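Participant: entry37.txt (compact mmCIF, C-alpha atoms) pasted underneath:
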```
# COMPACT_ATOMS: atom_id res chain seq x y z
CA MET A 1 -136.29 91.96 -82.77
CA GLY A 2 -138.04 89.52 -85.12
CA LYS A 3 -134.77 88.07 -86.39
CA THR A 4 -133.11 87.52 -83.01
CA PRO A 5 -134.04 84.14 -81.47
CA LEU A 6 -135.51 84.22 -77.99
CA LEU A 7 -134.91 81.97 -75.03
CA GLU A 8 -137.57 81.98 -72.32
CA ILE A 9 -136.82 81.23 -68.69
CA VAL A 10 -138.99 81.08 -65.58
CA THR A 11 -137.12 81.60 -62.33
CA GLY A 12 -138.28 80.44 -58.92
CA ASN A 13 -136.20 82.41 -56.43
CA ARG A 14 -135.10 85.95 -55.64
CA THR A 15 -131.46 85.14 -56.51
CA GLU A 16 -130.71 82.08 -58.63
CA PHE A 17 -128.39 80.75 -61.34
CA VAL A 18 -130.24 78.74 -64.04
CA ASP A 19 -128.24 76.44 -66.33
CA ILE A 20 -129.34 77.33 -69.87
CA THR A 21 -126.60 75.51 -71.83
CA SER A 22 -128.81 72.85 -73.42
CA GLN A 23 -131.47 75.38 -74.40
CA VAL A 24 -128.83 77.62 -76.00
CA GLN A 25 -127.36 74.67 -77.97
CA GLN A 26 -130.89 73.73 -79.08
CA LYS A 27 -131.47 77.25 -80.46
CA LEU A 28 -128.02 77.21 -82.06
CA ASP A 29 -129.00 73.96 -83.84
CA GLU A 30 -131.79 75.92 -85.56
CA MET A 31 -129.38 78.62 -86.77
CA ASP A 32 -127.11 78.39 -89.78
CA LEU A 33 -123.88 79.05 -87.87
CA LYS A 34 -120.99 76.65 -88.39
CA SER A 35 -118.10 78.82 -87.16
CA GLY A 36 -118.25 82.17 -85.36
CA LEU A 37 -119.43 83.77 -82.15
CA LEU A 38 -122.77 83.56 -80.38
CA CYS A 39 -123.87 86.50 -78.23
CA ILE A 40 -126.21 85.55 -75.38
CA TYR A 41 -127.78 88.80 -74.25
CA CYS A 42 -130.00 89.65 -71.26
CA PRO A 43 -132.36 92.59 -71.99
CA HIS A 44 -133.31 92.86 -68.30
CA THR A 45 -131.54 95.22 -65.86
CA THR A 46 -131.86 92.95 -62.83
CA GLY A 47 -130.50 89.80 -64.44
CA ALA A 48 -127.21 88.78 -66.05
CA VAL A 49 -125.46 85.97 -67.92
CA THR A 50 -122.31 84.17 -66.79
CA ILE A 51 -120.24 81.06 -67.51
CA ASN A 52 -118.99 78.94 -64.61
CA GLU A 53 -118.77 75.43 -63.20
CA GLY A 54 -121.86 73.32 -63.67
CA ALA A 55 -120.91 69.95 -62.14
CA ASP A 56 -121.28 70.83 -58.46
CA PRO A 57 -124.37 72.94 -57.63
CA ALA A 58 -122.51 74.18 -54.54
CA VAL A 59 -120.42 76.45 -56.77
CA ARG A 60 -123.49 78.38 -57.91
CA ARG A 61 -124.75 78.49 -54.35
CA ASP A 62 -121.42 79.88 -53.12
CA ILE A 63 -121.30 82.57 -55.84
CA VAL A 64 -124.84 83.68 -55.00
CA LYS A 65 -124.07 83.70 -51.26
CA VAL A 66 -120.95 85.85 -51.63
CA LEU A 67 -122.65 88.28 -54.06
CA ASN A 68 -125.46 88.71 -51.52
CA THR A 69 -122.86 89.37 -48.83
CA ILE A 70 -120.76 91.86 -50.82
CA ILE A 71 -123.77 93.78 -52.15
CA PRO A 72 -125.99 94.31 -49.13
CA TRP A 73 -129.81 94.30 -49.32
CA ASN A 74 -129.84 96.97 -46.64
CA PHE A 75 -127.94 100.13 -47.51
CA ASP A 76 -128.55 103.82 -48.04
CA TYR A 77 -130.33 103.17 -51.41
CA LYS A 78 -132.27 105.96 -53.14
CA HIS A 79 -133.96 103.83 -55.86
CA MET A 80 -137.43 103.27 -54.42
CA GLU A 81 -138.20 99.87 -55.97
CA GLY A 82 -135.99 98.14 -53.41
CA ASN A 83 -134.02 96.18 -56.01
CA SER A 84 -130.86 98.28 -56.28
CA PRO A 85 -128.70 95.29 -55.25
CA ALA A 86 -130.02 93.42 -58.30
CA HIS A 87 -129.03 96.29 -60.62
CA ILE A 88 -125.55 96.42 -59.08
CA LYS A 89 -125.03 92.67 -59.49
CA ALA A 90 -126.17 92.96 -63.13
CA SER A 91 -123.40 95.48 -63.88
CA ILE A 92 -120.78 93.47 -61.99
CA VAL A 93 -121.57 90.10 -63.59
CA GLY A 94 -122.48 91.54 -67.00
CA GLU A 95 -125.51 91.53 -69.29
CA SER A 96 -124.05 89.17 -71.92
CA VAL A 97 -121.53 86.48 -72.75
CA ILE A 98 -119.87 85.59 -76.05
CA VAL A 99 -119.33 81.90 -76.83
CA ILE A 100 -117.17 80.51 -79.63
CA VAL A 101 -118.97 78.21 -82.11
CA GLU A 102 -117.20 75.53 -84.19
CA ASP A 103 -118.98 72.94 -86.37
CA GLY A 104 -122.29 74.26 -85.08
CA ARG A 105 -121.42 73.45 -81.45
CA LEU A 106 -120.89 75.78 -78.46
CA CYS A 107 -117.22 75.59 -77.48
CA LEU A 108 -117.14 75.41 -73.70
CA GLY A 109 -114.43 74.22 -71.32
CA THR A 110 -114.84 70.78 -69.71
CA TRP A 111 -116.55 72.15 -66.59
CA GLN A 112 -118.20 75.22 -68.09
CA ARG A 113 -121.95 75.78 -68.32
CA ILE A 114 -123.86 78.93 -69.28
CA PHE A 115 -126.07 80.42 -66.56
CA PHE A 116 -128.83 83.00 -66.53
CA CYS A 117 -128.39 84.92 -63.28
CA GLU A 118 -131.66 85.95 -61.66
CA PHE A 119 -131.09 88.76 -59.19
CA ASP A 120 -134.69 89.93 -58.62
CA GLY A 121 -136.96 86.94 -59.10
CA PRO A 122 -139.04 84.99 -59.31
CA ARG A 123 -139.92 86.24 -62.81
CA ARG A 124 -140.45 85.30 -66.46
CA ARG A 125 -137.32 86.29 -68.40
CA LYS A 126 -136.21 86.42 -72.00
CA LEU A 127 -132.71 86.18 -73.45
CA TRP A 128 -131.68 87.17 -76.95
CA LEU A 129 -129.27 85.08 -79.03
CA LYS A 130 -127.32 86.60 -81.92
CA PRO A 131 -124.85 84.69 -84.11
CA VAL A 132 -122.06 86.28 -86.15
CA ARG A 133 -120.04 84.32 -88.70
CA ALA A 134 -116.24 84.03 -88.50
CA MET B 135 -111.79 72.95 -81.40
CA GLY B 136 -109.28 72.23 -84.16
CA LYS B 137 -109.92 75.56 -85.90
CA THR B 138 -109.65 77.78 -82.83
CA PRO B 139 -106.04 78.84 -82.08
CA LEU B 140 -104.74 78.06 -78.62
CA LEU B 141 -102.58 80.11 -76.31
CA GLU B 142 -100.78 78.22 -73.56
CA ILE B 143 -99.84 79.80 -70.23
CA VAL B 144 -98.08 78.47 -67.16
CA THR B 145 -98.87 80.36 -63.96
CA GLY B 146 -96.67 80.42 -60.88
CA ASN B 147 -98.91 81.69 -58.08
CA ARG B 148 -102.31 81.06 -56.53
CA THR B 149 -103.59 84.47 -57.72
CA GLU B 150 -101.77 86.25 -60.53
CA PHE B 151 -102.29 88.47 -63.60
CA VAL B 152 -100.17 87.39 -66.60
CA ASP B 153 -99.62 89.87 -69.45
CA ILE B 154 -100.48 87.93 -72.64
CA THR B 155 -100.65 90.87 -75.09
CA SER B 156 -97.57 89.96 -77.17
CA GLN B 157 -98.59 86.29 -77.40
CA VAL B 158 -102.10 87.28 -78.54
CA GLN B 159 -100.69 89.64 -81.22
CA GLN B 160 -98.34 86.85 -82.38
CA LYS B 161 -101.29 84.47 -82.83
CA LEU B 162 -103.26 87.23 -84.56
CA ASP B 163 -100.36 87.64 -87.02
CA GLU B 164 -100.94 84.02 -88.10
CA MET B 165 -104.65 84.66 -88.74
CA ASP B 166 -106.12 86.25 -91.82
CA LEU B 167 -107.95 89.04 -89.95
CA LYS B 168 -107.47 92.59 -91.16
CA SER B 169 -110.49 94.27 -89.57
CA GLY B 170 -112.91 92.83 -87.04
CA LEU B 171 -113.12 91.55 -83.49
CA LEU B 172 -110.96 89.03 -81.68
CA CYS B 173 -112.51 87.04 -78.83
CA ILE B 174 -110.01 85.90 -76.19
CA TYR B 175 -111.78 83.16 -74.25
CA CYS B 176 -110.85 81.30 -71.06
CA PRO B 177 -112.31 77.75 -70.95
CA HIS B 178 -111.39 77.37 -67.26
CA THR B 179 -113.82 78.17 -64.44
CA THR B 180 -111.18 79.44 -61.99
CA GLY B 181 -109.48 81.87 -64.37
CA ALA B 182 -110.56 84.95 -66.32
CA VAL B 183 -109.39 87.51 -68.88
CA THR B 184 -109.22 91.27 -68.36
CA ILE B 185 -107.73 94.42 -69.88
CA ASN B 186 -106.03 96.95 -67.61
CA GLU B 187 -102.91 99.03 -67.11
CA GLY B 188 -99.66 97.27 -67.91
CA ALA B 189 -96.99 99.93 -67.27
CA ASP B 190 -96.88 99.78 -63.48
CA PRO B 191 -96.98 96.22 -62.04
CA ALA B 192 -98.37 97.73 -58.82
CA VAL B 193 -101.75 98.12 -60.55
CA ARG B 194 -102.07 94.35 -61.05
CA ARG B 195 -100.88 93.76 -57.51
CA ASP B 196 -103.51 96.20 -56.14
CA ILE B 197 -106.33 94.60 -58.15
CA VAL B 198 -105.37 91.13 -56.91
CA LYS B 199 -105.08 92.37 -53.31
CA VAL B 200 -108.51 94.01 -53.31
CA LEU B 201 -110.18 91.01 -55.02
CA ASN B 202 -108.69 88.76 -52.33
CA THR B 203 -110.04 91.13 -49.67
CA ILE B 204 -113.56 91.46 -51.11
CA ILE B 205 -113.95 87.74 -51.80
CA PRO B 206 -112.76 86.02 -48.65
CA TRP B 207 -110.88 82.70 -48.68
CA ASN B 208 -112.62 81.82 -45.42
CA PHE B 209 -116.41 81.84 -45.61
CA ASP B 210 -119.34 79.46 -45.25
CA TYR B 211 -118.53 77.72 -48.57
CA LYS B 212 -120.23 74.44 -49.52
CA HIS B 213 -118.09 73.57 -52.59
CA MET B 214 -115.63 71.04 -51.15
CA GLU B 215 -112.66 71.74 -53.42
CA GLY B 216 -111.81 74.89 -51.44
CA ASN B 217 -111.61 77.09 -54.52
CA SER B 218 -115.00 78.80 -54.43
CA PRO B 219 -113.35 82.25 -54.23
CA ALA B 220 -111.66 81.51 -57.58
CA HIS B 221 -115.02 80.65 -59.20
CA ILE B 222 -116.57 83.84 -57.82
CA LYS B 223 -113.72 86.01 -59.14
CA ALA B 224 -114.08 84.31 -62.54
CA SER B 225 -117.73 85.41 -62.80
CA ILE B 226 -116.98 88.93 -61.56
CA VAL B 227 -114.02 89.60 -63.89
CA GLY B 228 -115.42 87.60 -66.80
CA GLU B 229 -114.32 84.61 -68.90
CA SER B 230 -113.54 86.59 -72.06
CA VAL B 231 -112.65 89.92 -73.63
CA ILE B 232 -113.31 91.27 -77.11
CA VAL B 233 -110.61 93.35 -78.76
CA ILE B 234 -111.01 95.45 -81.92
CA VAL B 235 -108.62 94.59 -84.79
CA GLU B 236 -107.60 97.07 -87.53
CA ASP B 237 -104.93 96.43 -90.17
CA GLY B 238 -104.17 93.13 -88.45
CA ARG B 239 -103.26 94.83 -85.16
CA LEU B 240 -104.93 94.65 -81.73
CA CYS B 241 -106.43 98.07 -80.99
CA LEU B 242 -105.63 98.82 -77.36
CA GLY B 243 -105.50 102.11 -75.46
CA THR B 244 -102.09 103.63 -74.70
CA TRP B 245 -101.83 101.98 -71.27
CA GLN B 246 -103.90 98.86 -71.92
CA ARG B 247 -102.55 95.32 -71.83
CA ILE B 248 -104.45 92.01 -71.93
CA PHE B 249 -104.11 89.81 -68.85
CA PHE B 250 -104.91 86.22 -68.08
CA CYS B 251 -106.18 86.19 -64.49
CA GLU B 252 -105.12 83.12 -62.54
CA PHE B 253 -107.35 82.66 -59.49
CA ASP B 254 -106.45 79.09 -58.50
CA GLY B 255 -102.87 78.44 -59.58
CA PRO B 256 -100.23 77.54 -60.14
CA ARG B 257 -101.48 75.63 -63.21
CA ARG B 258 -101.08 75.07 -66.94
CA ARG B 259 -103.83 77.00 -68.73
CA LYS B 260 -105.17 77.34 -72.27
CA LEU B 261 -106.97 80.26 -73.87
CA TRP B 262 -108.96 80.13 -77.10
CA LEU B 263 -108.78 82.90 -79.69
CA LYS B 264 -111.55 83.40 -82.24
CA PRO B 265 -111.56 86.11 -84.92
CA VAL B 266 -114.67 87.45 -86.65
CA ARG B 267 -114.50 89.74 -89.67
CA ALA B 268 -116.11 93.20 -89.72
CA MET C 269 -107.60 103.37 -85.69
CA GLY C 270 -108.76 105.46 -88.65
CA LYS C 271 -111.59 103.10 -89.49
CA THR C 272 -113.02 102.75 -85.99
CA PRO C 273 -115.56 105.49 -85.19
CA LEU C 274 -114.92 107.53 -82.06
CA LEU C 275 -117.29 108.81 -79.43
CA GLU C 276 -116.09 111.69 -77.29
CA ILE C 277 -117.28 112.27 -73.73
CA VAL C 278 -116.46 114.91 -71.14
CA THR C 279 -117.08 113.83 -67.56
CA GLY C 280 -117.67 116.19 -64.65
CA ASN C 281 -117.11 114.08 -61.55
CA ARG C 282 -114.61 111.65 -60.03
CA THR C 283 -117.09 108.75 -60.32
CA GLU C 284 -120.01 109.06 -62.71
CA PHE C 285 -122.21 107.08 -65.13
CA VAL C 286 -122.90 108.96 -68.41
CA ASP C 287 -125.79 107.82 -70.61
CA ILE C 288 -124.30 107.49 -74.13
CA THR C 289 -127.16 105.57 -75.80
CA SER C 290 -128.30 108.34 -78.16
CA GLN C 291 -124.74 109.15 -79.21
CA VAL C 292 -124.04 105.49 -79.93
CA GLN C 293 -127.23 105.17 -82.02
CA GLN C 294 -126.24 108.34 -83.92
CA LYS C 295 -122.84 106.84 -84.80
CA LEU C 296 -124.53 103.56 -85.73
CA ASP C 297 -126.77 105.51 -88.15
CA GLU C 298 -123.60 106.54 -90.04
CA MET C 299 -122.42 102.92 -90.34
CA ASP C 300 -123.59 100.39 -92.87
CA LEU C 301 -124.72 97.79 -90.33
CA LYS C 302 -128.19 96.35 -90.68
CA SER C 303 -127.83 93.18 -88.61
CA GLY C 304 -124.92 92.14 -86.37
CA LEU C 305 -123.11 93.13 -83.23
CA LEU C 306 -121.71 96.49 -82.15
CA CYS C 307 -118.72 96.52 -79.80
CA ILE C 308 -118.50 99.64 -77.62
CA TYR C 309 -114.95 99.69 -76.31
CA CYS C 310 -113.24 101.89 -73.69
CA PRO C 311 -109.49 102.32 -74.37
CA HIS C 312 -108.95 103.87 -70.92
CA THR C 313 -107.91 101.83 -67.86
CA THR C 314 -109.84 103.90 -65.32
CA GLY C 315 -113.18 103.84 -67.12
CA ALA C 316 -115.64 101.15 -68.23
CA VAL C 317 -118.84 100.56 -70.17
CA THR C 318 -122.02 99.01 -68.77
CA ILE C 319 -125.71 98.57 -69.57
CA ASN C 320 -128.28 99.18 -66.86
CA GLU C 321 -131.51 100.98 -66.00
CA GLY C 322 -131.78 104.50 -67.36
CA ALA C 323 -135.24 105.66 -66.21
CA ASP C 324 -134.46 106.42 -62.58
CA PRO C 325 -131.13 108.24 -62.01
CA ALA C 326 -131.13 106.82 -58.47
CA VAL C 327 -130.11 103.43 -59.90
CA ARG C 328 -126.85 104.86 -61.29
CA ARG C 329 -126.27 106.72 -58.04
CA ASP C 330 -126.79 103.52 -56.01
CA ILE C 331 -124.40 101.51 -58.23
CA VAL C 332 -121.71 104.18 -57.88
CA LYS C 333 -122.24 104.41 -54.12
CA VAL C 334 -121.92 100.66 -53.56
CA LEU C 335 -118.87 100.36 -55.86
CA ASN C 336 -117.21 103.14 -53.85
CA THR C 337 -118.05 101.26 -50.65
CA ILE C 338 -116.86 97.83 -51.81
CA ILE C 339 -113.63 99.15 -53.34
CA PRO C 340 -112.18 101.49 -50.72
CA TRP C 341 -110.29 104.69 -51.63
CA ASN C 342 -108.09 104.09 -48.60
CA PHE C 343 -106.25 100.78 -48.61
CA ASP C 344 -102.71 99.43 -48.68
CA TYR C 345 -102.26 100.43 -52.36
CA LYS C 346 -98.80 100.35 -53.99
CA HIS C 347 -99.68 102.15 -57.26
CA MET C 348 -98.52 105.70 -56.57
CA GLU C 349 -101.00 107.60 -58.75
CA GLY C 350 -103.72 107.17 -56.12
CA ASN C 351 -106.27 105.80 -58.59
CA SER C 352 -106.00 102.06 -57.96
CA PRO C 353 -109.72 101.88 -57.01
CA ALA C 354 -110.53 103.17 -60.51
CA HIS C 355 -108.44 100.42 -62.14
CA ILE C 356 -110.12 97.78 -59.98
CA LYS C 357 -113.63 99.02 -60.87
CA ALA C 358 -112.64 98.99 -64.56
CA SER C 359 -111.82 95.26 -64.41
CA ILE C 360 -114.94 94.45 -62.39
CA VAL C 361 -117.40 96.33 -64.62
CA GLY C 362 -115.55 95.61 -67.87
CA GLU C 363 -113.95 97.64 -70.66
CA SER C 364 -116.59 96.91 -73.30
CA VAL C 365 -120.15 95.85 -74.06
CA ILE C 366 -121.59 94.09 -77.09
CA VAL C 367 -125.02 95.20 -78.33
CA ILE C 368 -127.15 93.35 -80.87
CA VAL C 369 -128.15 95.39 -83.95
CA GLU C 370 -131.25 94.67 -86.08
CA ASP C 371 -132.52 96.90 -88.90
CA GLY C 372 -129.79 99.38 -88.07
CA ARG C 373 -131.09 99.87 -84.50
CA LEU C 374 -129.47 99.04 -81.15
CA CYS C 375 -131.50 96.25 -79.56
CA LEU C 376 -131.86 97.15 -75.90
CA GLY C 377 -134.35 95.97 -73.29
CA THR C 378 -137.20 98.33 -72.32
CA TRP C 379 -135.31 99.87 -69.41
CA GLN C 380 -131.76 99.46 -70.69
CA ARG C 381 -129.40 102.32 -71.50
CA ILE C 382 -125.67 102.22 -72.29
CA PHE C 383 -123.40 104.04 -69.83
CA PHE C 384 -119.81 105.17 -69.90
CA CYS C 385 -118.51 104.66 -66.37
CA GLU C 386 -116.05 107.31 -65.24
CA PHE C 387 -114.01 106.09 -62.30
CA ASP C 388 -111.25 108.71 -62.22
CA GLY C 389 -112.68 111.96 -63.57
CA PRO C 390 -113.30 114.58 -64.45
CA ARG C 391 -111.65 113.90 -67.83
CA ARG C 392 -112.04 113.94 -71.60
CA ARG C 393 -112.65 110.35 -72.75
CA LYS C 394 -112.94 108.51 -76.05
CA LEU C 395 -114.81 105.32 -76.84
CA TRP C 396 -114.30 103.13 -79.92
CA LEU C 397 -117.23 101.58 -81.80
CA LYS C 398 -116.74 98.54 -84.01
CA PRO C 399 -119.53 96.82 -85.98
CA VAL C 400 -119.44 93.22 -87.20
CA ARG C 401 -122.02 91.82 -89.61
CA ALA C 402 -124.18 88.79 -88.77
```
Would you write the structure of this file as structure tokens?
Facilitator:
Amino acid sequence: MGKTPLLEIVTGNRTEFVDITSQVQQKLDEMDLKSGLLCIYCPHTTGAVTINEGADPAVRRDIVKVLNTIIPWNFDYKHMEGNSPAHIKASIVGESVIVIVEDGRLCLGTWQRIFFCEFDGPRRRKLWLKPVRA
Amino acid sequence: MGKTPLLEIVTGNRTEFVDITSQVQQKLDEMDLKSGLLCIYCPHTTGAVTINEGADPAVRRDIVKVLNTIIPWNFDYKHMEGNSPAHIKASIVGESVIVIVEDGRLCLGTWQRIFFCEFDGPRRRKLWLKPVRA
Amino acid sequence: MGKTPLLEIVTGNRTEFVDITSQVQQKLDEMDLKSGLLCIYCPHTTGAVTINEGADPAVRRDIVKVLNTIIPWNFDYKHMEGNSPAHIKASIVGESVIVIVEDGRLCLGTWQRIFFCEFDGPRRRKLWLKPVRA
């Protein structure tokens, strides 16, 4: 994985959305990608990546609250580590996002920000970033 | 975003799946992509893109109905705009899809169609399309 | 679709996660991709692809169990084939994943494996694999 740039994140809660947009743009600045796609990939099975509204923190809070309601912490789980809900959320939200890049900039909608989704924190996490040219 | 082709959609309902397959293929025809991947990206935070069955409209209707049941309109939401359920659906369904392109054609399964998912309409929406070569 | 490599899978249950990681790596070995992205795409509308923990089979079992609980088999469905829950799961989990490739190897996290998600089996299924160069 020597060629794939890393992003390091420290989370502070069990379930949490961390805005990583600026860090991703910073890493993109170090790459030689003018136009193409950037894959932001989570190699952990109890975390995910998503894109959503960043202006009002209540949006993140509401997403987390509903996910915790839909996917119960108490259920007839067989996985003994007690973090099955985190694995389920990871598959529902998804382990990666693809962002369009033009002129070396992430192309995001007006209200969009990129979030690392912590579902079994607090932990130290790594994300992988991989650019492909158009 | 001058280089990234736009697709414009007008939705007519609060929650709705709009079949955009023909429009996407039309835009692809104008691109110089023979073989590669096409990213279909939604820059809105209360919409999404998905691929599912297009033959029977009841499938779309059932997906919308269950999403509206799982993610309640009435809940202890803090986001004051009243559209938190739309943001949650956006992160669950996902803001983009990747489609394989061969010989300048979208490669879809027999029953697959590409849908823009409106979760907070009716509105005017834009999608971004970005091709990368194999 | 002549140029896009196929992966064939036979599923044995109505709902099931099948570990396809080794088969995907085998197909990747036959491609000329050193560094880039690999798209693993499901052309079926009642199946999906996901990445999650592979070490403990209980994780897969728990994901399947919760998905079957959240998305009920009995509901006011209009689609007459009786497999609406499978279509809904397909859009929630997603029809494809993107994996980073370095030195001709799939880059996965320590515990990550790639799964085909059968939501309306048992059936014979095909997946499409498409590489793009970095």
Participant: Excluding Gly12 (chain A) and its own-chain neighbours fewer than 2 positions away, which residues fall within 7 Å of it when counting only C-alpha atoms? Please give them as an MDAnalysis selection string.
Facilitator: chainID A and resid 10 121:122
Participant: Please write out chain A, superposed on chain B by least squares over all C-alpha atoms matched in order, as a short mmCIF file (atom, residue, chain, number, x, y, z; two decimals) with C-alpha atoms, keeping the file's coordinate frame.
Facilitator:
```cif
data_model
loop_
_atom_site.label_atom_id
_atom_site.label_comp_id
_atom_site.auth_asym_id
_atom_site.auth_seq_id
_atom_site.Cartn_x
_atom_site.Cartn_y
_atom_site.Cartn_z
CA MET A 1 -111.80 72.96 -81.39
CA GLY A 2 -109.29 72.24 -84.17
CA LYS A 3 -109.92 75.56 -85.89
CA THR A 4 -109.66 77.79 -82.82
CA PRO A 5 -106.05 78.82 -82.08
CA LEU A 6 -104.75 78.05 -78.61
CA LEU A 7 -102.59 80.10 -76.30
CA GLU A 8 -100.78 78.21 -73.55
CA ILE A 9 -99.85 79.78 -70.24
CA VAL A 10 -98.08 78.46 -67.15
CA THR A 11 -98.85 80.34 -63.96
CA GLY A 12 -96.67 80.42 -60.87
CA ASN A 13 -98.91 81.67 -58.09
CA ARG A 14 -102.32 81.07 -56.53
CA THR A 15 -103.60 84.48 -57.73
CA GLU A 16 -101.76 86.25 -60.55
CA PHE A 17 -102.29 88.46 -63.60
CA VAL A 18 -100.16 87.39 -66.61
CA ASP A 19 -99.62 89.86 -69.47
CA ILE A 20 -100.48 87.93 -72.64
CA THR A 21 -100.65 90.86 -75.10
CA SER A 22 -97.59 89.96 -77.17
CA GLN A 23 -98.60 86.30 -77.40
CA VAL A 24 -102.10 87.28 -78.55
CA GLN A 25 -100.69 89.64 -81.22
CA GLN A 26 -98.34 86.86 -82.36
CA LYS A 27 -101.29 84.47 -82.84
CA LEU A 28 -103.27 87.23 -84.56
CA ASP A 29 -100.35 87.64 -87.01
CA GLU A 30 -100.94 84.03 -88.09
CA MET A 31 -104.65 84.65 -88.74
CA ASP A 32 -106.14 86.26 -91.82
CA LEU A 33 -107.95 89.04 -89.95
CA LYS A 34 -107.45 92.60 -91.16
CA SER A 35 -110.50 94.27 -89.58
CA GLY A 36 -112.93 92.83 -87.04
CA LEU A 37 -113.12 91.55 -83.49
CA LEU A 38 -110.95 89.03 -81.67
CA CYS A 39 -112.51 87.02 -78.84
CA ILE A 40 -110.02 85.89 -76.19
CA TYR A 41 -111.78 83.16 -74.25
CA CYS A 42 -110.85 81.30 -71.05
CA PRO A 43 -112.31 77.75 -70.96
CA HIS A 44 -111.39 77.38 -67.27
CA THR A 45 -113.82 78.17 -64.42
CA THR A 46 -111.18 79.44 -62.00
CA GLY A 47 -109.48 81.86 -64.37
CA ALA A 48 -110.55 84.95 -66.32
CA VAL A 49 -109.38 87.50 -68.88
CA THR A 50 -109.21 91.26 -68.36
CA ILE A 51 -107.73 94.42 -69.88
CA ASN A 52 -106.02 96.96 -67.63
CA GLU A 53 -102.89 99.03 -67.10
CA GLY A 54 -99.65 97.28 -67.91
CA ALA A 55 -96.99 99.94 -67.27
CA ASP A 56 -96.87 99.78 -63.47
CA PRO A 57 -96.98 96.23 -62.03
CA ALA A 58 -98.39 97.73 -58.82
CA VAL A 59 -101.76 98.12 -60.54
CA ARG A 60 -102.08 94.37 -61.05
CA ARG A 61 -100.89 93.78 -57.51
CA ASP A 62 -103.50 96.20 -56.14
CA ILE A 63 -106.34 94.60 -58.15
CA VAL A 64 -105.37 91.14 -56.91
CA LYS A 65 -105.09 92.38 -53.31
CA VAL A 66 -108.53 94.01 -53.31
CA LEU A 67 -110.19 91.01 -55.01
CA ASN A 68 -108.69 88.76 -52.32
CA THR A 69 -110.05 91.12 -49.67
CA ILE A 70 -113.57 91.45 -51.11
CA ILE A 71 -113.95 87.73 -51.81
CA PRO A 72 -112.74 86.02 -48.65
CA TRP A 73 -110.87 82.69 -48.66
CA ASN A 74 -112.63 81.81 -45.43
CA PHE A 75 -116.41 81.83 -45.61
CA ASP A 76 -119.34 79.47 -45.23
CA TYR A 77 -118.52 77.71 -48.57
CA LYS A 78 -120.24 74.43 -49.50
CA HIS A 79 -118.09 73.55 -52.57
CA MET A 80 -115.63 71.04 -51.15
CA GLU A 81 -112.65 71.74 -53.42
CA GLY A 82 -111.81 74.87 -51.44
CA ASN A 83 -111.60 77.10 -54.52
CA SER A 84 -115.00 78.81 -54.43
CA PRO A 85 -113.35 82.26 -54.24
CA ALA A 86 -111.67 81.52 -57.58
CA HIS A 87 -115.02 80.66 -59.20
CA ILE A 88 -116.57 83.85 -57.83
CA LYS A 89 -113.73 86.02 -59.14
CA ALA A 90 -114.07 84.32 -62.55
CA SER A 91 -117.73 85.41 -62.81
CA ILE A 92 -116.98 88.93 -61.57
CA VAL A 93 -114.02 89.59 -63.88
CA GLY A 94 -115.41 87.59 -66.81
CA GLU A 95 -114.32 84.61 -68.90
CA SER A 96 -113.52 86.59 -72.07
CA VAL A 97 -112.65 89.91 -73.63
CA ILE A 98 -113.32 91.26 -77.12
CA VAL A 99 -110.60 93.36 -78.77
CA ILE A 100 -111.01 95.45 -81.92
CA VAL A 101 -108.62 94.59 -84.79
CA GLU A 102 -107.61 97.07 -87.52
CA ASP A 103 -104.93 96.42 -90.17
CA GLY A 104 -104.17 93.12 -88.45
CA ARG A 105 -103.24 94.83 -85.16
CA LEU A 106 -104.94 94.65 -81.73
CA CYS A 107 -106.42 98.07 -80.99
CA LEU A 108 -105.61 98.82 -77.37
CA GLY A 109 -105.51 102.10 -75.46
CA THR A 110 -102.10 103.63 -74.69
CA TRP A 111 -101.84 101.98 -71.26
CA GLN A 112 -103.90 98.86 -71.92
CA ARG A 113 -102.55 95.31 -71.84
CA ILE A 114 -104.45 92.01 -71.94
CA PHE A 115 -104.12 89.82 -68.85
CA PHE A 116 -104.93 86.21 -68.08
CA CYS A 117 -106.18 86.19 -64.50
CA GLU A 118 -105.13 83.12 -62.53
CA PHE A 119 -107.34 82.66 -59.50
CA ASP A 120 -106.44 79.08 -58.50
CA GLY A 121 -102.87 78.45 -59.57
CA PRO A 122 -100.22 77.54 -60.14
CA ARG A 123 -101.48 75.64 -63.20
CA ARG A 124 -101.09 75.06 -66.94
CA ARG A 125 -103.84 77.00 -68.74
CA LYS A 126 -105.17 77.34 -72.25
CA LEU A 127 -106.97 80.26 -73.87
CA TRP A 128 -108.96 80.14 -77.08
CA LEU A 129 -108.77 82.89 -79.70
CA LYS A 130 -111.55 83.41 -82.24
CA PRO A 131 -111.56 86.11 -84.93
CA VAL A 132 -114.67 87.46 -86.66
CA ARG A 133 -114.48 89.74 -89.69
CA ALA A 134 -116.09 93.20 -89.73
#
```
Participant: Would you mind listing, for every residue of chain C within 7 Å of chain B, the two atoms forming the shortest contact and the distance between them in Å to one decimal, using only C-alpha atoms, sorted by chain and ascending residue number, as a Markdown table?
Facilitator:
```
| residue | atom | partner | partner_atom | distance |
| --- | --- | --- | --- | --- |
| C:Met269 | CA | B:Glu236 | CA | 6.6 |
| C:Pro311 | CA | B:Gly243 | CA | 4.1 |
| C:His312 | CA | B:Gly243 | CA | 6.0 |
| C:Thr313 | CA | B:Asn186 | CA | 5.2 |
| C:Tyr345 | CA | B:Asp196 | CA | 5.8 |
| C:Lys346 | CA | B:Ala192 | CA | 5.5 |
| C:His347 | CA | B:Ala192 | CA | 4.9 |
| C:Ser352 | CA | B:Val193 | CA | 6.3 |
| C:His355 | CA | B:Asn186 | CA | 6.9 |
| C:Ile356 | CA | B:Ile197 | CA | 5.3 |
| C:Ser359 | CA | B:Val227 | CA | 6.1 |
| C:Ile360 | CA | B:Val227 | CA | 5.2 |
| C:Lys398 | CA | B:Ile234 | CA | 6.8 |
| C:Pro399 | CA | B:Ala268 | CA | 6.2 |
| C:Val400 | CA | B:Ala268 | CA | 4.2 |
| C:Arg401 | CA | B:Ala268 | CA | 6.1 |
```
